[in-house]
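Novice: Contents of my_file00.csv (CSV, C-alpha atoms) are given next:
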chain,number,residue,atom,x,y,z
A,1,MET,CA,76.3,68.2,99.2
A,2,ASP,CA,77.9,65.4,101.2
A,3,ARG,CA,78.7,66.3,104.8
A,4,LYS,CA,82.5,66.3,105.2
A,5,LYS,CA,84.0,64.4,108.1
A,6,ILE,CA,86.9,65.9,110.0
A,7,LEU,CA,89.1,64.1,112.5
A,8,LEU,CA,90.6,66.3,115.3
A,9,VAL,CA,93.7,64.9,117.0
A,10,ASP,CA,94.9,66.7,120.1
A,11,ASP,CA,95.7,65.8,123.7
A,12,SER,CA,94.3,69.1,124.9
A,13,SER,CA,90.6,69.2,125.7
A,14,THR,CA,90.8,73.0,125.4
A,15,VAL,CA,92.0,72.7,121.8
A,16,LEU,CA,89.5,70.0,120.8
A,17,LEU,CA,86.6,72.1,122.3
A,18,MET,CA,87.9,75.2,120.5
A,19,GLU,CA,88.2,73.5,117.2
A,20,ARG,CA,84.8,71.9,117.6
A,21,MET,CA,83.3,75.4,118.3
A,22,ILE,CA,85.0,77.0,115.3
A,23,LEU,CA,84.0,74.1,113.0
A,24,SER,CA,80.4,74.0,114.4
A,25,LYS,CA,79.5,77.0,112.3
A,26,SER,CA,80.0,74.9,109.2
A,27,ASP,CA,78.2,71.6,108.4
A,28,TYR,CA,80.9,69.1,109.3
A,29,ASP,CA,80.8,65.8,111.1
A,30,VAL,CA,83.6,65.7,113.7
A,31,VAL,CA,85.4,62.8,115.4
A,32,THR,CA,88.3,63.2,117.8
A,33,ALA,CA,91.4,61.4,119.0
A,34,ARG,CA,93.7,62.2,121.9
A,35,ASP,CA,97.1,61.3,120.5
A,36,GLY,CA,98.9,60.4,117.3
A,37,LEU,CA,98.4,56.6,117.7
A,38,GLU,CA,94.7,56.9,118.2
A,39,GLY,CA,94.6,59.5,115.4
A,40,VAL,CA,96.0,57.0,112.9
A,41,GLU,CA,93.6,54.3,114.1
A,42,LYS,CA,90.6,56.6,113.8
A,43,ALA,CA,91.8,57.7,110.4
A,44,ARG,CA,91.8,54.0,109.2
A,45,ALA,CA,88.4,53.4,110.7
A,46,GLU,CA,86.6,56.6,110.0
A,47,HIS,CA,88.0,57.6,106.6
A,48,PRO,CA,87.8,61.3,107.3
A,49,ASP,CA,87.9,63.9,104.6
A,50,LEU,CA,90.4,66.0,106.6
A,51,ILE,CA,92.5,65.7,109.7
A,52,LEU,CA,93.6,68.5,112.1
A,53,MET,CA,96.7,67.2,113.9
A,54,ASP,CA,98.5,68.5,116.9
A,55,VAL,CA,102.3,68.0,117.0
A,56,VAL,CA,103.3,67.4,120.7
A,57,MET,CA,101.2,64.5,122.0
A,58,PRO,CA,101.8,61.4,124.1
A,59,ARG,CA,102.5,58.0,122.6
A,60,MET,CA,102.9,59.3,119.0
A,61,ASP,CA,103.6,62.8,118.0
A,62,GLY,CA,101.9,64.5,115.0
A,63,PHE,CA,104.8,64.3,112.7
A,64,GLU,CA,105.1,60.5,113.1
A,65,ALA,CA,101.3,60.1,112.8
A,66,VAL,CA,101.3,61.9,109.5
A,67,ARG,CA,104.2,59.8,108.2
A,68,GLN,CA,102.2,56.6,109.2
A,69,LEU,CA,99.2,58.0,107.4
A,70,ARG,CA,101.2,58.6,104.2
A,71,LYS,CA,102.5,55.1,104.2
A,72,GLU,CA,99.0,53.5,103.9
A,73,ASP,CA,96.9,53.4,100.8
A,74,ALA,CA,93.7,54.0,102.7
A,75,THR,CA,94.9,57.2,104.4
A,76,ARG,CA,97.6,58.4,102.0
A,77,GLU,CA,95.5,61.0,100.3
A,78,ILE,CA,93.7,62.5,103.4
A,79,PRO,CA,94.8,66.1,103.7
A,80,VAL,CA,96.3,66.9,107.1
A,81,ILE,CA,96.5,70.4,108.7
A,82,MET,CA,99.1,70.6,111.5
A,83,VAL,CA,97.7,72.7,114.4
A,84,THR,CA,100.5,73.5,116.8
A,85,THR,CA,102.2,75.9,119.1
A,86,ARG,CA,105.4,75.1,117.3
A,87,GLY,CA,105.7,78.1,114.9
A,88,GLU,CA,109.5,78.1,114.4
A,89,LEU,CA,110.7,77.4,110.8
A,90,SER,CA,112.3,74.1,111.6
A,91,SER,CA,109.0,72.7,112.9
A,92,VAL,CA,107.1,74.0,109.9
A,93,GLU,CA,109.6,72.3,107.7
A,94,ASN,CA,109.3,69.1,109.7
A,95,GLY,CA,105.6,69.3,109.3
A,96,TYR,CA,105.7,69.6,105.5
A,97,ALA,CA,108.5,67.0,105.3
A,98,SER,CA,106.3,64.5,107.2
A,99,GLY,CA,103.6,65.0,104.6
A,100,CYS,CA,101.2,67.5,106.1
A,101,THR,CA,99.1,69.6,103.7
A,102,GLU,CA,98.8,72.8,105.7
A,103,TYR,CA,100.3,74.3,108.9
A,104,VAL,CA,98.4,76.4,111.5
A,105,THR,CA,99.8,77.8,114.7
A,106,LYS,CA,98.1,78.2,118.1
A,107,PRO,CA,96.5,80.2,119.5
A,108,ILE,CA,94.0,79.3,116.8
A,109,ASN,CA,92.7,82.0,114.6
A,110,GLY,CA,89.2,80.9,113.6
A,111,LEU,CA,89.3,82.7,110.3
A,112,GLU,CA,92.6,81.2,109.3
A,113,LEU,CA,91.6,77.7,110.4
A,114,LEU,CA,88.3,77.8,108.5
A,115,ALA,CA,89.9,79.1,105.4
A,116,LYS,CA,92.5,76.3,105.4
A,117,VAL,CA,89.9,73.7,106.2
A,118,ARG,CA,87.7,74.8,103.3
A,119,SER,CA,90.7,75.0,101.0
A,120,CYS,CA,91.8,71.5,101.9
A,121,LEU,CA,88.2,70.2,101.4
A,122,GLY,CA,88.1,72.0,98.0
A,123,GLN,CA,85.2,74.2,99.1
B,1,MET,CA,54.5,106.0,14.9
B,2,SER,CA,51.1,105.0,13.3
B,3,GLY,CA,50.9,102.0,10.9
B,4,LYS,CA,49.2,104.1,8.1
B,5,PRO,CA,50.8,103.9,4.7
B,6,PRO,CA,51.7,107.2,3.2
B,7,ILE,CA,48.9,108.6,0.9
B,8,PRO,CA,49.9,108.9,-2.8
B,9,PRO,CA,49.6,112.3,-4.4
B,10,ALA,CA,46.3,113.0,-6.1
B,11,GLY,CA,46.1,112.1,-9.8
B,12,LYS,CA,49.1,109.8,-9.6
B,13,PRO,CA,48.9,106.0,-9.9
B,14,ALA,CA,49.4,103.7,-6.9
B,15,ALA,CA,53.0,103.1,-5.9
B,16,SER,CA,55.0,100.2,-7.3
B,17,PRO,CA,56.4,97.4,-5.0
B,18,ASP,CA,59.8,99.2,-5.1
B,19,LEU,CA,58.2,102.3,-3.7
B,20,ASP,CA,56.5,100.2,-1.0
B,21,ALA,CA,59.9,98.9,0.1
B,22,VAL,CA,61.4,102.4,0.3
B,23,ASN,CA,58.3,103.5,2.1
B,24,SER,CA,58.7,100.7,4.6
B,25,ARG,CA,62.3,101.5,5.3
B,26,LEU,CA,61.4,105.1,5.8
B,27,ARG,CA,58.7,104.2,8.3
B,28,ASN,CA,61.3,102.1,10.2
B,29,LEU,CA,63.8,104.9,10.1
B,30,VAL,CA,61.2,107.4,11.4
B,31,SER,CA,60.2,105.0,14.2
B,32,SER,CA,63.8,104.5,15.3
B,33,LEU,CA,64.3,108.2,15.3
B,34,ARG,CA,61.3,108.7,17.4
B,35,ASP,CA,62.6,106.1,19.9
B,36,GLU,CA,65.9,107.9,20.0
B,37,GLN,CA,64.2,111.2,20.6
B,38,ALA,CA,62.2,109.7,23.5
B,39,ARG,CA,65.3,108.3,25.1
B,40,LEU,CA,67.2,111.6,24.8
B,41,GLU,CA,64.3,113.4,26.3
B,42,ALA,CA,64.2,111.1,29.3
B,43,ARG,CA,67.9,111.5,29.8
B,44,SER,CA,67.6,115.2,29.6
B,45,MET,CA,65.4,115.1,32.8
B,46,THR,CA,68.5,114.2,35.0
B,47,PRO,CA,71.4,116.7,35.2
B,48,VAL,CA,74.1,115.8,32.9
B,49,PRO,CA,77.5,115.8,34.6
B,50,SER,CA,79.9,118.1,33.1
B,51,ARG,CA,82.9,116.5,31.5
B,52,PRO,CA,85.8,116.3,33.9
B,53,GLN,CA,88.7,118.6,33.2
B,54,PRO,CA,92.0,116.9,32.7
B,55,GLY,CA,93.6,116.3,36.2
B,56,GLN,CA,90.3,116.4,38.0
B,57,PRO,CA,88.6,113.3,39.5
B,58,ALA,CA,85.6,112.1,37.6
B,59,ALA,CA,82.3,113.1,39.2
B,60,PRO,CA,80.3,110.3,40.9
B,61,SER,CA,77.7,108.5,38.8
B,62,ALA,CA,74.2,108.0,40.1
B,63,THR,CA,75.1,104.5,41.2
B,64,GLN,CA,78.1,105.9,43.2
B,65,ASN,CA,75.8,108.5,44.8
B,66,PHE,CA,73.4,105.8,45.9
B,67,ALA,CA,76.2,103.6,47.4
B,68,GLU,CA,77.5,106.6,49.2
B,69,ARG,CA,74.1,107.5,50.6
B,70,ARG,CA,73.6,103.9,51.7
B,71,LEU,CA,77.1,103.8,53.4
B,72,ALA,CA,76.4,107.1,55.2
B,73,THR,CA,73.2,105.6,56.5
B,74,GLU,CA,74.9,102.5,57.6
B,75,LEU,CA,77.7,104.5,59.2
B,76,GLU,CA,75.2,106.6,61.2
B,77,ALA,CA,73.5,103.4,62.4
B,78,ALA,CA,76.8,102.0,63.4
B,79,ARG,CA,77.6,105.1,65.4
B,80,GLU,CA,74.3,104.9,67.1
B,81,GLU,CA,75.0,101.3,68.0
B,82,ALA,CA,78.4,102.3,69.4
B,83,ARG,CA,76.8,105.1,71.5
B,84,GLU,CA,74.4,102.6,72.9
B,85,ALA,CA,77.1,100.0,73.6
B,86,ARG,CA,79.2,102.6,75.4
B,87,ALA,CA,76.2,103.6,77.5
B,88,GLU,CA,75.5,99.9,78.3
B,89,ARG,CA,79.2,99.4,79.2
B,90,ASP,CA,79.0,102.4,81.6
B,91,ARG,CA,75.9,101.0,83.2
B,92,LEU,CA,77.4,97.6,83.6
B,93,LYS,CA,80.6,99.1,85.0
B,94,ALA,CA,78.6,101.1,87.6
B,95,ARG,CA,76.7,97.9,88.5
B,96,LEU,CA,80.0,96.0,88.8
B,97,ASP,CA,81.3,98.7,91.1
B,98,GLU,CA,78.2,98.4,93.2
B,99,LEU,CA,78.5,94.6,93.4
B,100,GLU,CA,82.1,94.8,94.3
B,101,ALA,CA,81.4,97.3,97.1
B,102,GLU,CA,78.6,95.0,98.3
B,103,HIS,CA,81.0,92.0,98.1
B,104,ARG,CA,83.6,93.8,100.1
B,105,ARG,CA,81.0,94.8,102.7
B,106,ILE,CA,79.7,91.3,103.1
B,107,SER,CA,83.3,89.9,103.3
B,108,ASP,CA,84.1,92.4,106.0
B,109,GLU,CA,81.0,91.5,107.9
B,110,TYR,CA,81.8,87.8,107.5
B,111,VAL,CA,85.3,88.3,108.8
B,112,ALA,CA,84.0,90.4,111.7
B,113,ILE,CA,81.4,87.8,112.6
B,114,LEU,CA,84.0,85.0,112.4
B,115,GLU,CA,86.4,87.0,114.7
B,116,GLN,CA,83.5,87.6,117.1
B,117,THR,CA,82.6,83.9,117.0
B,118,THR,CA,86.2,82.9,117.7
B,119,ASP,CA,86.4,85.4,120.5
B,120,VAL,CA,83.1,84.0,122.0
B,121,ALA,CA,84.4,80.5,121.5
B,122,ARG,CA,87.6,81.3,123.3
B,123,ARG,CA,85.8,82.7,126.3
B,124,TYR,CA,83.3,79.9,126.4
B,125,VAL,CA,86.1,77.3,126.2
B,126,ALA,CA,88.1,79.1,128.9
B,127,LEU,CA,85.1,79.1,131.2
B,128,GLU,CA,84.1,75.6,130.4
B,129,ARG,CA,87.6,74.3,131.1
B,130,LEU,CA,88.2,76.3,134.3
B,131,HIS,CA,85.0,75.1,135.9
B,132,GLY,CA,85.1,71.6,134.4
B,133,GLY,CA,88.0,70.5,136.5
B,134,LEU,CA,87.0,68.1,139.2
B,135,ASP,CA,90.0,68.8,141.4
B,136,ARG,CA,92.9,71.1,141.8
B,137,ASP,CA,95.0,69.2,139.2
B,138,GLY,CA,92.2,69.4,136.8
B,139,THR,CA,92.0,73.2,137.3
B,140,LEU,CA,95.7,73.6,137.0
B,141,THR,CA,95.6,71.6,133.7
B,142,ALA,CA,92.8,73.9,132.5
B,143,ILE,CA,94.8,77.0,133.4
B,144,HIS,CA,97.8,75.5,131.6
B,145,GLU,CA,95.9,74.7,128.4
B,146,VAL,CA,94.2,78.2,128.4
B,147,VAL,CA,97.6,80.0,128.8
B,148,VAL,CA,99.3,77.8,126.2
B,149,ASN,CA,96.6,77.4,123.6
B,150,LEU,CA,94.3,80.4,124.0
B,151,VAL,CA,96.8,83.1,125.1
B,152,GLY,CA,100.0,81.7,123.5
B,153,SER,CA,102.7,81.4,126.1
B,154,GLU,CA,104.7,78.4,127.3
B,155,GLU,CA,106.3,80.3,130.2
B,156,TYR,CA,104.1,81.0,133.1
B,157,GLY,CA,104.0,80.8,136.9
B,158,LEU,CA,101.2,80.5,139.4
B,159,TYR,CA,101.8,82.2,142.7
B,160,GLU,CA,99.9,82.0,145.9
B,161,ARG,CA,100.0,84.6,148.6
B,162,ARG,CA,101.6,83.6,151.8
B,163,GLY,CA,101.8,86.6,154.2
B,164,ASP,CA,103.6,89.4,152.3
B,165,ARG,CA,105.1,87.1,149.7
B,166,LEU,CA,103.8,85.4,146.6
B,167,GLU,CA,105.2,81.9,146.3
B,168,LEU,CA,105.5,79.9,143.1
B,169,VAL,CA,103.2,76.8,143.4
B,170,HIS,CA,102.9,75.7,139.8
B,171,SER,CA,104.8,76.6,136.6
B,172,PHE,CA,105.6,75.7,133.1
B,173,GLY,CA,108.7,76.6,131.1
B,174,LEU,CA,110.2,78.7,133.9
B,175,ASP,CA,113.5,78.7,135.8
B,176,ARG,CA,111.8,78.0,139.1
B,177,ALA,CA,114.8,79.1,141.2
B,178,ARG,CA,114.9,82.5,139.5
B,179,TRP,CA,111.2,83.1,139.7
B,180,SER,CA,110.4,81.4,143.0
B,181,SER,CA,108.7,84.3,144.8
B,182,PHE,CA,107.8,88.0,144.7
B,183,GLU,CA,107.1,90.5,147.4
B,184,VAL,CA,103.5,91.8,147.6
B,185,GLY,CA,103.4,95.3,146.3
B,186,LYS,CA,106.7,95.2,144.5
B,187,GLY,CA,107.0,95.0,140.7
B,188,ALA,CA,104.2,94.1,138.4
B,189,VAL,CA,103.5,90.8,140.1
B,190,GLY,CA,103.4,92.2,143.5
B,191,ARG,CA,101.3,95.2,142.5
B,192,ALA,CA,98.7,92.9,140.8
B,193,ALA,CA,98.4,91.0,144.0
B,194,ARG,CA,97.9,94.2,146.0
B,195,THR,CA,95.6,96.1,143.6
B,196,GLY,CA,93.8,93.3,141.9
B,197,ALA,CA,94.4,95.0,138.5
B,198,ILE,CA,95.6,93.1,135.4
B,199,TYR,CA,99.0,94.1,134.1
B,200,VAL,CA,99.8,93.9,130.4
B,201,ALA,CA,103.3,94.8,129.4
B,202,GLY,CA,103.6,98.0,127.4
B,203,ARG,CA,100.0,99.1,127.9
B,204,GLU,CA,100.9,101.9,130.2
B,205,GLY,CA,104.3,102.8,129.0
B,206,PRO,CA,107.5,100.8,128.8
B,207,PRO,CA,108.0,98.2,131.6
B,208,ALA,CA,110.3,98.7,134.5
B,209,PRO,CA,113.6,96.8,134.3
B,210,GLU,CA,112.5,94.2,136.9
B,211,ASP,CA,109.3,93.5,134.8
B,212,ALA,CA,111.1,93.2,131.5
B,213,ASP,CA,110.5,89.4,131.3
B,214,LEU,CA,106.8,89.7,132.0
B,215,SER,CA,104.1,89.8,129.3
B,216,ALA,CA,101.1,89.9,131.7
B,217,VAL,CA,100.1,89.4,135.3
B,218,VAL,CA,96.6,88.3,136.1
B,219,PRO,CA,95.4,88.6,139.7
B,220,LEU,CA,93.4,85.5,140.7
B,221,ARG,CA,90.5,86.8,142.7
B,222,ALA,CA,88.2,85.1,145.1
B,223,GLY,CA,85.6,87.7,146.0
B,224,ASP,CA,87.4,90.9,146.9
B,225,ARG,CA,90.6,89.1,147.9
B,226,VAL,CA,93.5,88.2,145.7
B,227,PRO,CA,95.0,84.9,147.0
B,228,GLY,CA,97.2,84.4,144.0
B,229,VAL,CA,98.5,85.7,140.7
B,230,LEU,CA,99.2,84.2,137.3
B,231,ALA,CA,102.4,85.6,135.8
B,232,ILE,CA,102.8,85.1,132.1
B,233,PHE,CA,106.4,85.5,130.8
B,234,ARG,CA,107.5,85.2,127.2
B,235,LEU,CA,104.9,84.7,124.5
B,236,LEU,CA,105.3,82.2,121.7
B,237,GLY,CA,107.6,83.4,118.9
B,238,HIS,CA,104.8,83.8,116.4
B,239,LYS,CA,102.6,85.7,118.8
B,240,PRO,CA,104.0,89.3,118.9
B,241,VAL,CA,101.6,91.1,121.2
B,242,LEU,CA,98.6,90.6,123.5
B,243,ASP,CA,95.4,92.0,122.1
B,244,GLU,CA,91.8,92.7,123.3
B,245,GLN,CA,90.8,89.0,122.9
B,246,ASP,CA,93.7,88.1,125.3
B,247,GLN,CA,92.4,90.8,127.7
B,248,ALA,CA,89.0,89.2,127.7
B,249,VAL,CA,90.6,85.8,128.5
B,250,PHE,CA,92.6,87.5,131.3
B,251,ASP,CA,89.4,89.0,132.7
B,252,LEU,CA,87.9,85.5,132.8
B,253,LEU,CA,91.0,84.0,134.4
B,254,ALA,CA,91.0,86.7,137.0
B,255,VAL,CA,87.6,85.8,138.2
B,256,HIS,CA,87.0,82.2,137.4
B,257,ALA,CA,90.5,80.7,137.8
B,258,GLY,CA,90.7,82.4,141.2
B,259,ILE,CA,87.3,80.9,142.2
B,260,ALA,CA,88.1,77.5,140.8
B,261,LEU,CA,91.4,77.3,142.7
B,262,HIS,CA,89.7,78.7,145.8
B,263,LEU,CA,87.1,75.9,145.7
B,264,ARG,CA,89.7,73.2,145.0
B,265,PRO,CA,92.5,73.8,147.4
B,266,ALA,CA,95.8,71.9,147.5
B,267,ALA,CA,96.0,68.6,149.4
B,268,GLY,CA,96.1,69.3,153.1
B,269,GLU,CA,94.3,72.6,152.8
B,270,GLY,CA,90.6,72.9,153.4
B,271,ALA,CA,88.2,74.7,151.0
B,272,LYS,CA,88.4,78.3,151.9
B,273,ALA,CA,85.1,79.9,152.9
Would you write out, as structure tokens, the structure that this file holds?
Specialist:
Amino acid sequence: MDRKKILLVDDSSTVLLMERMILSKSDYDVVTARDGLEGVEKARAEHPDLILMDVVMPRMDGFEAVRQLRKEDATREIPVIMVTTRGELSSVENGYASGCTEYVTKPINGLELLAKVRSCLGQ
Amino acid sequence: MSGKPPIPPAGKPAASPDLDAVNSRLRNLVSSLRDEQARLEARSMTPVPSRPQPGQPAAPSATQNFAERRLATELEAAREEAREARAERDRLKARLDELEAEHRRISDEYVAILEQTTDVARRYVALERLHGGLDRDGTLTAIHEVVVNLVGSEEYGLYERRGDRLELVHSFGLDRARWSSFEVGKGAVGRAARTGAIYVAGREGPPAPEDADLSAVVPLRAGDRVPGVLAIFRLLGHKPVLDEQDQAVFDLLAVHAGIALHLRPAAGEGAKA
């Protein structure tokens, strides 16, 4: 089976480390970006199978980053899981309106995150 | 019947051709009568059904009897097959129940292991971040990220002890004027500074009115001293309560955030021995 590549986009080292540790139990290649802009660039360059995207980030927030990804042929189909502290309904709606595939709130629940990751990857 | 011609009576002349013809017909007649006798004798060996009375169903013939016997045999075989199929179905159902129970057990174990893994990861990340900061700002950033992303609150204050008071030195999402200081020994914040014990709202009964806005207070220890406390106010809306995993993070913060801040003092302060 091909190793899946996952792009983690978050400005928090704590979250990136946490996500890495949760995903390390499965056989994924992981690349990271520290804000939305870098996330879009990494998505173009790395062609990940899945993106975990924070919302509140410097330079470009997660909602805008997903909108950018959905505009481009090369990145349009990449599933995106929003991972954010913003759990209120309006934020969830914004997330789905921007084009995200799934929505996960922080603090991260490892079980929930892995389930959604596998679902998005068709595993 | 033998093929011998009948013997003419003694002293009489031989029979004429007409007599031969009559004789031949008689022989044929005798032969056919003997055949009929043999057939009737054979038939008399099997019971002859009585003639049905008017209004009664006709008795089954031999062919019908044979068909019924064959059907009865087939029916018994089919019943035996059905019994075996039911037994097999029961065996398979019992095996399915066993497999489902095993599946549930493995799923429960998997979930428990994943939860433990997440818990261990959370502790490791908290430790890594608290001790990874190169300076005080790095440590404060680490505390911020741990509180927001691992505990689940965007309202907290970090207080340092100055004499009998705890003064707010760093905060996020708070009304700084309202929560600028506490008296040591008073309220949940002051008591945590005095006793070094972690406070979690609701764990030991309903909170006092002055502590109603607090979710937890973590004393930041340096050895056996408590030079500061971390007061966590409202939790994120989708995080209803603090659980055992949060308690584990608080335990780490109490020891390691205190040490990290102690070793990385604010500008103008020397590292405290």
Novice: Neighbouring residues of Val226 of chain B were defined as those with any atom within 8 Å, considering all atoms listed in the file; residues of the same chain fewer than 2 positions away were excluded. Please report them as a list in words.
Specialist: Arg161, Ala193, Arg194, Gly196, Pro219, Leu220, Arg221, Ala222, Gly223, Asp224, Gly228, Val229 and Gly258 of chain B
Novice: For the interface of chain A with chain B (cut-off 6 Å, counting all atoms listed in the file), please tabulate each contacting residue of chain A alongside its nearest pair of atoms and their separation in Å to one decimal, rows sorted by chain and increasing number, as CSV.
Specialist:
residue,atom,partner,partner_atom,distance
A:Gly87,CA,B:His238,CA,6.0
A:Lys106,CA,B:Asn149,CA,5.8
A:Pro107,CA,B:Asn149,CA,5.0
A:Gly110,CA,B:Thr118,CA,5.5
Novice: Separation of atom CA of Val189 of chain B and atom CA of Leu235 of chain B, in Å?
Specialist: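 Atom-to-atom, atom CA of Val189 of chain B to atom CA of Leu235 of chain B, that is 16.8 Å.
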Novice: Kindly provide, as a count of residues only, the polymer residues lying within 6 Å of (97.1, 58.1, 110.8), counting all atoms listed in the file and using the coordinates exactly as they appear in the file.
Specialist: 7
Novice: How far is it from atom CA of Arg70 of chain B to atom CA of Arg86 of chain B, in Å with one decimal?
Specialist: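 So the two atoms, atom CA of Arg70 of chain B and atom CA of Arg86 of chain B, lie 24.4 Å apart.
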Novice: What is the distance, in Å and to one decimal place, between atom CA of Lys5 of chain A and atom CA of Leu23 of chain A?
Specialist: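 Taking atom CA of Lys5 of chain A and atom CA of Leu23 of chain A, their separation equals 10.9 Å.
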Novice: Mind checking which residues fall within 6 Å of Ile6 of chain A, counting only C-alpha atoms, ignoring those fewer than 5 positions away in the same chain, and posting them as an mmCIF file with C-alpha atoms, in the frame of the given file?
Specialist:
data_model
loop_
_atom_site.group_PDB
_atom_site.id
_atom_site.type_symbol
_atom_site.label_atom_id
_atom_site.label_comp_id
_atom_site.auth_asym_id
_atom_site.auth_seq_id
_atom_site.Cartn_x
_atom_site.Cartn_y
_atom_site.Cartn_z
ATOM 1 C CA VAL A 30 83.600 65.700 113.700
ATOM 2 C CA PRO A 48 87.800 61.300 107.300
ATOM 3 C CA ASP A 49 87.900 63.900 104.600
ATOM 4 C CA LEU A 50 90.400 66.000 106.600
ATOM 5 C CA ILE A 51 92.500 65.700 109.700
#
Novice: Of the residues A:Glu93, A:Met82, A:Glu88, A:Leu114, which is the one nearest to Arg20 of chain A, using only C-alpha atoms?
Specialist: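 Distance minimum relative to Arg20 of chain A lands on A:Leu114.
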Novice: Pick out the residues sitting within 10 Å of Ile81 of chain A, and hand them over as a list in words; count all atoms listed in the file, and ignore anything fewer than 3 positions along from it in its own chain.
Specialist: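 My list of contacting residues is Leu8, Leu50, Ile51, Leu52, Met53, Asp54, Val66, Ile78, Thr84, Gly95, Tyr96, Gly99, Cys100, Thr101, Glu102, Tyr103, Val104, Leu113, Lys116, Val117 and Cys120 of chain A.
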Novice: Neighbouring residues of Gly190 of chain B were defined as those with any atom within 12 Å, considering only C-alpha atoms; residues of the same chain fewer than 6 positions away were excluded. Please report them as number ranges by chain.
Specialist: B: 159-161, 164-167, 181-184, 196-199, 210-211, 217-219, 226-231
Novice: Take the residues from that selection and write them out as a PDB file, keeping the file's coordinate frame, keeping C-alpha atoms.
Specialist:
ATOM      1  CA  TYR B 159     101.800  82.200 142.700  1.00  0.00           C
ATOM      2  CA  GLU B 160      99.900  82.000 145.900  1.00  0.00           C
ATOM      3  CA  ARG B 161     100.000  84.600 148.600  1.00  0.00           C
ATOM      4  CA  ASP B 164     103.600  89.400 152.300  1.00  0.00           C
ATOM      5  CA  ARG B 165     105.100  87.100 149.700  1.00  0.00           C
ATOM      6  CA  LEU B 166     103.800  85.400 146.600  1.00  0.00           C
ATOM      7  CA  GLU B 167     105.200  81.900 146.300  1.00  0.00           C
ATOM      8  CA  SER B 181     108.700  84.300 144.800  1.00  0.00           C
ATOM      9  CA  PHE B 182     107.800  88.000 144.700  1.00  0.00           C
ATOM     10  CA  GLU B 183     107.100  90.500 147.400  1.00  0.00           C
ATOM     11  CA  VAL B 184     103.500  91.800 147.600  1.00  0.00           C
ATOM     12  CA  GLY B 196      93.800  93.300 141.900  1.00  0.00           C
ATOM     13  CA  ALA B 197      94.400  95.000 138.500  1.00  0.00           C
ATOM     14  CA  ILE B 198      95.600  93.100 135.400  1.00  0.00           C
ATOM     15  CA  TYR B 199      99.000  94.100 134.100  1.00  0.00           C
ATOM     16  CA  GLU B 210     112.500  94.200 136.900  1.00  0.00           C
ATOM     17  CA  ASP B 211     109.300  93.500 134.800  1.00  0.00           C
ATOM     18  CA  VAL B 217     100.100  89.400 135.300  1.00  0.00           C
ATOM     19  CA  VAL B 218      96.600  88.300 136.100  1.00  0.00           C
ATOM     20  CA  PRO B 219      95.400  88.600 139.700  1.00  0.00           C
ATOM     21  CA  VAL B 226      93.500  88.200 145.700  1.00  0.00           C
ATOM     22  CA  PRO B 227      95.000  84.900 147.000  1.00  0.00           C
ATOM     23  CA  GLY B 228      97.200  84.400 144.000  1.00  0.00           C
ATOM     24  CA  VAL B 229      98.500  85.700 140.700  1.00  0.00           C
ATOM     25  CA  LEU B 230      99.200  84.200 137.300  1.00  0.00           C
ATOM     26  CA  ALA B 231     102.400  85.600 135.800  1.00  0.00           C
TER      27      ALA B 231
END
Novice: As number ranges by chain, please: the residues near Glu64 of chain A (cut-off 8 Å, all atoms listed in the file, same-chain neighbours under 3 positions excluded).
Specialist: A: 36, 60-61, 67-68, 98
Novice: I'd like to know which of B:Asp243, B:Asp175, B:Glu88, B:Glu74 is closest to Gly202 of chain B, using only C-alpha atoms.
Specialist: B:Asp243
Novice: From the options A:Arg44, A:Arg118, A:Asp73, A:Val15, which residue's atoms come nearest to Tyr28 of chain A, counting all atoms listed in the file?
Specialist: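 Closest to Tyr28 of chain A of all the choices is A:Arg118.
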Novice: Given only C-alpha atoms as the basis, pick out the residue of B:Arg89, B:Ala177, B:Leu96, B:Ile232 nearest to Gly157 of chain B.
Specialist: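 Of all the options, B:Ile232 lies closest to Gly157 of chain B.
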Novice: Could you check which of A:Ser119, A:Ser24, A:Thr105, A:Ser12 is closest to Arg86 of chain A, using only C-alpha atoms?
Specialist: A:Thr105
